file query-v2.pdb (PDB, C-alpha atoms)
MODEL        1
ATOM      1  CA  MET F   1     -98.226 -99.697  23.367
ATOM      2  CA  SER F   2     -97.695-103.394  23.200
ATOM      3  CA  GLU F   3     -94.243-104.885  22.971
ATOM      4  CA  LEU F   4     -95.026-106.295  19.500
ATOM      5  CA  THR F   5     -95.898-102.831  18.130
ATOM      6  CA  LEU F   6     -92.750-101.372  19.619
ATOM      7  CA  LEU F   7     -90.628-104.184  18.132
ATOM      8  CA  LEU F   8     -92.198-103.672  14.663
ATOM      9  CA  LEU F   9     -91.541 -99.922  14.845
ATOM     10  CA  GLN F  10     -87.909-100.546  15.802
ATOM     11  CA  ILE F  11     -87.433-103.008  12.919
ATOM     12  CA  GLY F  12     -89.108-100.602  10.478
ATOM     13  CA  PHE F  13     -86.859 -97.765  11.645
ATOM     14  CA  LEU F  14     -83.786 -99.983  11.264
ATOM     15  CA  VAL F  15     -84.789-100.972   7.699
ATOM     16  CA  LEU F  16     -85.383 -97.328   6.829
ATOM     17  CA  LEU F  17     -81.990 -96.373   8.288
ATOM     18  CA  TRP F  18     -80.196 -99.072   6.232
ATOM     19  CA  PHE F  19     -82.069 -97.959   3.097
ATOM     20  CA  PHE F  20     -80.769 -94.425   3.670
ATOM     21  CA  VAL F  21     -77.185 -95.690   4.203
ATOM     22  CA  PHE F  22     -77.295 -97.706   0.945
ATOM     23  CA  ALA F  23     -78.706 -94.709  -0.950
ATOM     24  CA  VAL F  24     -75.839 -92.510   0.280
ATOM     25  CA  VAL F  25     -73.223 -95.151  -0.618
ATOM     26  CA  TYR F  26     -74.754 -95.603  -4.094
ATOM     27  CA  SER F  27     -74.731 -91.846  -4.671
ATOM     28  CA  LEU F  28     -71.086 -91.549  -3.596
ATOM     29  CA  ARG F  29     -70.103 -94.474  -5.822
ATOM     30  CA  ALA F  30     -71.844 -92.873  -8.812
ATOM     31  CA  ASP F  31     -70.061 -89.560  -8.152
ATOM     32  CA  LEU F  32     -66.643 -91.175  -7.780
ATOM     33  CA  PHE F  33     -66.754 -93.766 -10.548
ATOM     34  CA  GLY F  34     -69.465 -92.454 -12.867
ATOM     35  CA  VAL F  35     -72.511 -94.203 -14.188
ATOM     36  CA  ARG F  36     -72.006 -97.220 -16.390
ATOM     37  CA  VAL F  37     -72.750 -96.455 -20.008
ATOM     38  CA  ARG F  38     -73.838 -99.170 -22.394
ATOM     39  CA  LYS F  39     -71.666 -99.291 -25.505
ATOM     40  CA  LEU F  40     -73.382 -99.538 -28.877
ATOM     41  CA  PRO F  41     -72.496-102.539 -31.024
ATOM     42  CA  GLU F  42     -70.132-102.015 -33.942
ATOM     43  CA  PRO F  43     -71.901-101.475 -37.300
ATOM     44  CA  ALA F  44     -72.233-104.622 -39.397
ATOM     45  CA  ALA F  45     -69.704-105.188 -42.184
ATOM     46  CA  ALA F  46     -70.719-104.729 -45.825
ATOM     47  CA  GLY F  47     -70.941-108.495 -46.416
ATOM     48  CA  ALA F  48     -73.191-109.145 -43.405
ATOM     49  CA  ALA F  49     -76.011-111.659 -43.388
ATOM     50  CA  PRO F  50     -79.233-110.504 -45.094
ATOM     51  CA  ASN F  51     -81.268-110.746 -41.876
ATOM     52  CA  ALA F  52     -78.795-108.605 -39.923
ATOM     53  CA  ALA F  53     -79.917-105.179 -38.809
ATOM     54  CA  PRO F  54     -78.833-102.404 -41.192
ATOM     55  CA  ALA F  55     -75.974-100.203 -40.072
ATOM     56  CA  ALA F  56     -76.911 -96.746 -38.902
ATOM     57  CA  ALA F  57     -76.582 -94.098 -41.579
ATOM     58  CA  PRO F  58     -74.129 -91.300 -40.844
ATOM     59  CA  ARG F  59     -75.759 -88.296 -39.240
ATOM     60  CA  ALA F  60     -76.247 -85.491 -41.712
ATOM     61  CA  THR F  61     -75.359 -82.048 -40.501
ATOM     62  CA  LYS F  62     -76.857 -78.833 -41.730
ATOM     63  CA  PRO F  63     -74.596 -76.117 -43.042
ATOM     64  CA  ALA F  64     -73.233 -74.371 -39.993
ATOM     65  CA  THR F  65     -70.402 -71.871 -40.206
ATOM     66  CA  LYS F  66     -67.324 -70.601 -41.945
ATOM     67  CA  LYS F  67     -64.823 -67.883 -41.157
ATOM     68  CA  SER F  68     -65.626 -64.414 -42.362
ATOM     69  CA  LYS F  69     -63.834 -61.105 -42.035
ATOM     70  CA  GLY F  70     -62.496 -60.580 -38.510
ATOM     71  CA  GLY F  71     -62.502 -64.273 -37.568
ATOM     72  CA  LYS F  72     -66.255 -64.419 -36.972
ATOM     73  CA  ALA F  73     -68.302 -67.453 -37.976
ATOM     74  CA  THR F  74     -71.050 -67.231 -40.588
ATOM     75  CA  THR F  75     -73.484 -69.862 -41.856
ATOM     76  CA  ASP F  76     -72.165 -71.106 -45.211
ATOM     77  CA  THR F  77     -70.244 -74.362 -44.736
ATOM     78  CA  VAL F  78     -70.071 -77.178 -42.241
ATOM     79  CA  SER F  79     -67.981 -76.366 -39.159
ATOM     80  CA  ARG F  80     -66.326 -78.880 -36.934
ATOM     81  CA  ILE F  81     -64.556 -79.164 -33.619
ATOM     82  CA  VAL F  82     -61.043 -80.584 -33.733
ATOM     83  CA  ILE F  83     -59.580 -81.807 -30.434
ATOM     84  CA  THR F  84     -55.922 -80.792 -30.418
ATOM     85  CA  SER F  85     -54.801 -82.136 -27.021
ATOM     86  CA  GLY F  86     -56.142 -84.314 -24.246
ATOM     87  CA  PRO F  87     -57.517 -87.851 -23.981
ATOM     88  CA  LYS F  88     -59.370 -87.627 -27.309
ATOM     89  CA  ALA F  89     -56.716 -85.744 -29.323
ATOM     90  CA  GLY F  90     -57.303 -85.976 -33.068
ATOM     91  CA  LEU F  91     -61.080 -86.448 -32.815
ATOM     92  CA  VAL F  92     -63.056 -84.382 -35.339
ATOM     93  CA  LEU F  93     -66.709 -83.693 -34.491
ATOM     94  CA  PRO F  94     -68.943 -82.043 -37.123
ATOM     95  CA  LEU F  95     -71.317 -79.374 -35.830
ATOM     96  CA  GLY F  96     -74.907 -78.800 -36.855
ATOM     97  CA  THR F  97     -77.032 -75.927 -35.678
ATOM     98  CA  GLU F  98     -78.011 -77.475 -32.331
ATOM     99  CA  PRO F  99     -76.167 -76.522 -29.121
ATOM    100  CA  LEU F 100     -73.396 -78.920 -28.093
ATOM    101  CA  THR F 101     -72.944 -79.644 -24.385
ATOM    102  CA  ILE F 102     -69.417 -80.567 -23.313
ATOM    103  CA  GLY F 103     -68.751 -82.472 -20.116
ATOM    104  CA  ARG F 104     -68.193 -85.720 -18.275
ATOM    105  CA  SER F 105     -71.864 -86.753 -18.286
ATOM    106  CA  SER F 106     -72.971 -89.416 -20.745
ATOM    107  CA  GLU F 107     -75.786 -87.019 -21.705
ATOM    108  CA  SER F 108     -73.270 -84.523 -23.148
ATOM    109  CA  GLY F 109     -72.777 -84.205 -26.895
ATOM    110  CA  LEU F 110     -68.992 -84.267 -26.422
ATOM    111  CA  VAL F 111     -68.081 -86.536 -23.495
ATOM    112  CA  ILE F 112     -64.687 -85.781 -21.933
ATOM    113  CA  ARG F 113     -63.706 -88.149 -19.139
ATOM    114  CA  ASP F 114     -61.030 -86.500 -17.031
ATOM    115  CA  ASP F 115     -60.737 -85.327 -13.437
ATOM    116  CA  TYR F 116     -60.797 -81.629 -14.355
ATOM    117  CA  THR F 117     -64.047 -81.638 -16.337
ATOM    118  CA  SER F 118     -67.453 -81.100 -14.709
ATOM    119  CA  SER F 119     -70.493 -83.216 -15.579
ATOM    120  CA  HIS F 120     -71.985 -80.355 -17.594
ATOM    121  CA  HIS F 121     -68.952 -78.147 -18.144
ATOM    122  CA  ALA F 122     -69.634 -75.889 -21.141
ATOM    123  CA  ARG F 123     -72.019 -75.308 -24.031
ATOM    124  CA  LEU F 124     -71.161 -74.409 -27.610
ATOM    125  CA  MET F 125     -74.130 -72.825 -29.379
ATOM    126  CA  LEU F 126     -74.968 -71.036 -32.581
ATOM    127  CA  TRP F 127     -76.352 -67.591 -31.765
ATOM    128  CA  GLY F 128     -77.564 -65.994 -34.978
ATOM    129  CA  ASP F 129     -74.598 -66.551 -37.302
ATOM    130  CA  GLN F 130     -71.963 -66.627 -34.531
ATOM    131  CA  TRP F 131     -70.747 -69.606 -32.501
ATOM    132  CA  MET F 132     -70.680 -68.821 -28.761
ATOM    133  CA  ILE F 133     -69.070 -70.700 -25.855
ATOM    134  CA  GLN F 134     -70.706 -70.613 -22.421
ATOM    135  CA  ASP F 135     -69.322 -71.967 -19.157
ATOM    136  CA  LEU F 136     -71.971 -73.879 -17.197
ATOM    137  CA  ASP F 137     -70.665 -72.936 -13.720
ATOM    138  CA  SER F 138     -67.879 -75.501 -13.909
ATOM    139  CA  THR F 139     -65.374 -75.897 -11.095
ATOM    140  CA  ASN F 140     -62.211 -75.405 -13.171
ATOM    141  CA  GLY F 141     -63.648 -73.001 -15.730
ATOM    142  CA  THR F 142     -63.693 -72.843 -19.504
ATOM    143  CA  TRP F 143     -60.920 -70.987 -21.330
ATOM    144  CA  HIS F 144     -61.141 -69.408 -24.785
ATOM    145  CA  ASN F 145     -58.021 -67.989 -26.412
ATOM    146  CA  GLY F 146     -56.253 -67.887 -23.022
ATOM    147  CA  GLU F 147     -59.042 -66.024 -21.173
ATOM    148  CA  ARG F 148     -61.538 -67.484 -18.731
ATOM    149  CA  VAL F 149     -65.129 -67.504 -19.995
ATOM    150  CA  ALA F 150     -67.444 -65.754 -17.525
ATOM    151  CA  SER F 151     -70.430 -65.181 -19.832
ATOM    152  CA  PRO F 152     -71.181 -66.414 -23.370
ATOM    153  CA  VAL F 153     -68.401 -65.171 -25.674
ATOM    154  CA  PRO F 154     -68.013 -65.421 -29.455
ATOM    155  CA  VAL F 155     -65.741 -68.244 -30.586
ATOM    156  CA  LEU F 156     -62.942 -67.255 -32.927
ATOM    157  CA  VAL F 157     -62.190 -69.827 -35.626
ATOM    158  CA  GLY F 158     -58.869 -71.509 -34.815
ATOM    159  CA  ALA F 159     -58.626 -70.081 -31.267
ATOM    160  CA  PRO F 160     -57.987 -72.724 -28.574
ATOM    161  CA  ILE F 161     -60.824 -73.620 -26.200
ATOM    162  CA  LYS F 162     -59.769 -75.462 -23.028
ATOM    163  CA  VAL F 163     -62.182 -77.609 -21.032
ATOM    164  CA  GLY F 164     -60.493 -79.537 -18.232
ATOM    165  CA  ALA F 165     -57.369 -81.195 -19.662
ATOM    166  CA  THR F 166     -58.733 -81.087 -23.234
ATOM    167  CA  THR F 167     -58.045 -78.370 -25.807
ATOM    168  CA  PHE F 168     -60.037 -78.061 -29.015
ATOM    169  CA  GLU F 169     -60.761 -75.478 -31.667
ATOM    170  CA  LEU F 170     -63.515 -74.549 -34.081
ATOM    171  CA  GLN F 171     -62.549 -74.993 -37.743
ATOM    172  CA  ASP F 172     -64.233 -74.464 -41.094
TER     173      ASP F 172
ENDMDL
END
call {"tool": "encode", "arguments": {"input": "query-v2.pdb", "output": "structure tokens"}}
result
Amino acid sequence: MSELTLLLLQIGFLVLLWFFVFAVVYSLRADLFGVRVRKLPEPAAAGAAPNAAPAAAPRATKPATKKSKGGKATTDTVSRIVITSGPKAGLVLPLGTEPLTIGRSSESGLVIRDDYTSSHHARLMLWGDQWMIQDLDSTNGTWHNGERVASPVPVLVGAPIKVGATTFELQD
């Protein structure tokens, strides 16, 4: 092999090695600090200019659940999640019939940014006429009514659900 070919192979290997190092550093940075999420602009005020984009209409939710005999949920009225403690205490989130993923990821339906919450921590889903909570193999676990969730369990209306440092409950 000529010296030029050997030099080009060495430079190519060095570039490939640095590319790998930068990929590892980028991955670590994303894990430690999270991915930057673009914030949506605030909706325009009522007296906005006529050529301004219209404000997004509130999302309609289908009738979901209400408490029946024995604390079970049935599909008659709109249910909601009320966060009772944690970084987002006081937040009320209406539920539809679609599953709601809870976690640190920006792809989650309910984003909870704390050190004790996994990226995809838990899932709240409507199974027939009953709301169920499922832990998605999180590190710190999901707790319902003081017990760790190992498999999907029915959610009792008003019972505390703990994900990381956040506690919330299902209400009518």
call {"tool": "closest_residue", "arguments": {"input": "query-v2.pdb", "among": "F:Trp131, F:Tyr116, F:Tyr26, F:Phe168", "to": "Ala89 of chain F", "atoms": "only C-alpha atoms"}}
result
F:Phe168
call {"tool": "residues_around", "arguments": {"input": "query-v2.pdb", "residues": "Ile83 of chain F", "least_positions_apart": "6", "cutoff": "7 Å", "atoms": "all atoms listed in the file", "output": "ChimeraX atom specification"}}
result
/F:89-92,167-169
call {"tool": "residues_around", "arguments": {"input": "query-v2.pdb", "residues": "Ser118 of chain F", "least_positions_apart": "3", "cutoff": "12 Å", "atoms": "only C-alpha atoms", "output": "PDB file with C-alpha atoms, in the frame of the given file"}}
result
ATOM      1  CA  ASP F  31     -70.061 -89.560  -8.152  1.00  0.00           C
ATOM      2  CA  GLY F  34     -69.465 -92.454 -12.867  1.00  0.00           C
ATOM      3  CA  THR F 101     -72.944 -79.644 -24.385  1.00  0.00           C
ATOM      4  CA  ILE F 102     -69.417 -80.567 -23.313  1.00  0.00           C
ATOM      5  CA  GLY F 103     -68.751 -82.472 -20.116  1.00  0.00           C
ATOM      6  CA  ARG F 104     -68.193 -85.720 -18.275  1.00  0.00           C
ATOM      7  CA  SER F 105     -71.864 -86.753 -18.286  1.00  0.00           C
ATOM      8  CA  SER F 106     -72.971 -89.416 -20.745  1.00  0.00           C
ATOM      9  CA  SER F 108     -73.270 -84.523 -23.148  1.00  0.00           C
ATOM     10  CA  VAL F 111     -68.081 -86.536 -23.495  1.00  0.00           C
ATOM     11  CA  ILE F 112     -64.687 -85.781 -21.933  1.00  0.00           C
ATOM     12  CA  ARG F 113     -63.706 -88.149 -19.139  1.00  0.00           C
ATOM     13  CA  ASP F 114     -61.030 -86.500 -17.031  1.00  0.00           C
ATOM     14  CA  ASP F 115     -60.737 -85.327 -13.437  1.00  0.00           C
ATOM     15  CA  HIS F 121     -68.952 -78.147 -18.144  1.00  0.00           C
ATOM     16  CA  ALA F 122     -69.634 -75.889 -21.141  1.00  0.00           C
ATOM     17  CA  ARG F 123     -72.019 -75.308 -24.031  1.00  0.00           C
ATOM     18  CA  ASP F 135     -69.322 -71.967 -19.157  1.00  0.00           C
ATOM     19  CA  LEU F 136     -71.971 -73.879 -17.197  1.00  0.00           C
ATOM     20  CA  ASP F 137     -70.665 -72.936 -13.720  1.00  0.00           C
ATOM     21  CA  SER F 138     -67.879 -75.501 -13.909  1.00  0.00           C
ATOM     22  CA  THR F 139     -65.374 -75.897 -11.095  1.00  0.00           C
ATOM     23  CA  ASN F 140     -62.211 -75.405 -13.171  1.00  0.00           C
ATOM     24  CA  GLY F 141     -63.648 -73.001 -15.730  1.00  0.00           C
ATOM     25  CA  THR F 142     -63.693 -72.843 -19.504  1.00  0.00           C
ATOM     26  CA  VAL F 163     -62.182 -77.609 -21.032  1.00  0.00           C
ATOM     27  CA  GLY F 164     -60.493 -79.537 -18.232  1.00  0.00           C
ATOM     28  CA  ALA F 165     -57.369 -81.195 -19.662  1.00  0.00           C
TER      29      ALA F 165
END
call {"tool": "residues_around", "arguments": {"input": "query-v2.pdb", "residues": "Trp127 of chain F", "least_positions_apart": "6", "cutoff": "10 Å", "atoms": "only C-alpha atoms", "output": "list of chain:residue names"}}
result
F:Thr97, F:Pro99, F:Ile133, F:Pro152, F:Pro154
call {"tool": "closest_residue", "arguments": {"input": "query-v2.pdb", "among": "F:Ser27, F:Val155, F:Leu95, F:Arg148", "to": "Met132 of chain F", "atoms": "only C-alpha atoms"}}
result
F:Val155
call {"tool": "atom_distance", "arguments": {"input": "query-v2.pdb", "atom1": "atom CA of Asn145 of chain F", "atom2": "atom CA of His120 of chain F"}}
result
20.6 Å
call {"tool": "atom_distance", "arguments": {"input": "query-v2.pdb", "atom1": "atom CA of Ala30 of chain F", "atom2": "atom CA of Thr117 of chain F"}}
result
15.6 Å
call {"tool": "axis_aligned_box", "arguments": {"input": "query-v2.pdb", "around": "segment 134-146 of chain F", "padding_each_side": "5 Å", "output": "AutoDock Vina command-line options"}}
result
--center_x -64.1 --center_y -71.9 --center_z -18.8 --size_x 25.7 --size_y 18.0 --size_z 25.3
call {"tool": "closest_residue", "arguments": {"input": "query-v2.pdb", "among": "F:Gly128, F:Gly146, F:Gly109, F:Gly158", "to": "Pro94 of chain F", "atoms": "all atoms listed in the file"}}
result
F:Gly109
call {"tool": "atom_distance", "arguments": {"input": "query-v2.pdb", "atom1": "atom CA of Phe33 of chain F", "atom2": "atom CA of Leu100 of chain F"}}
result
23.9 Å
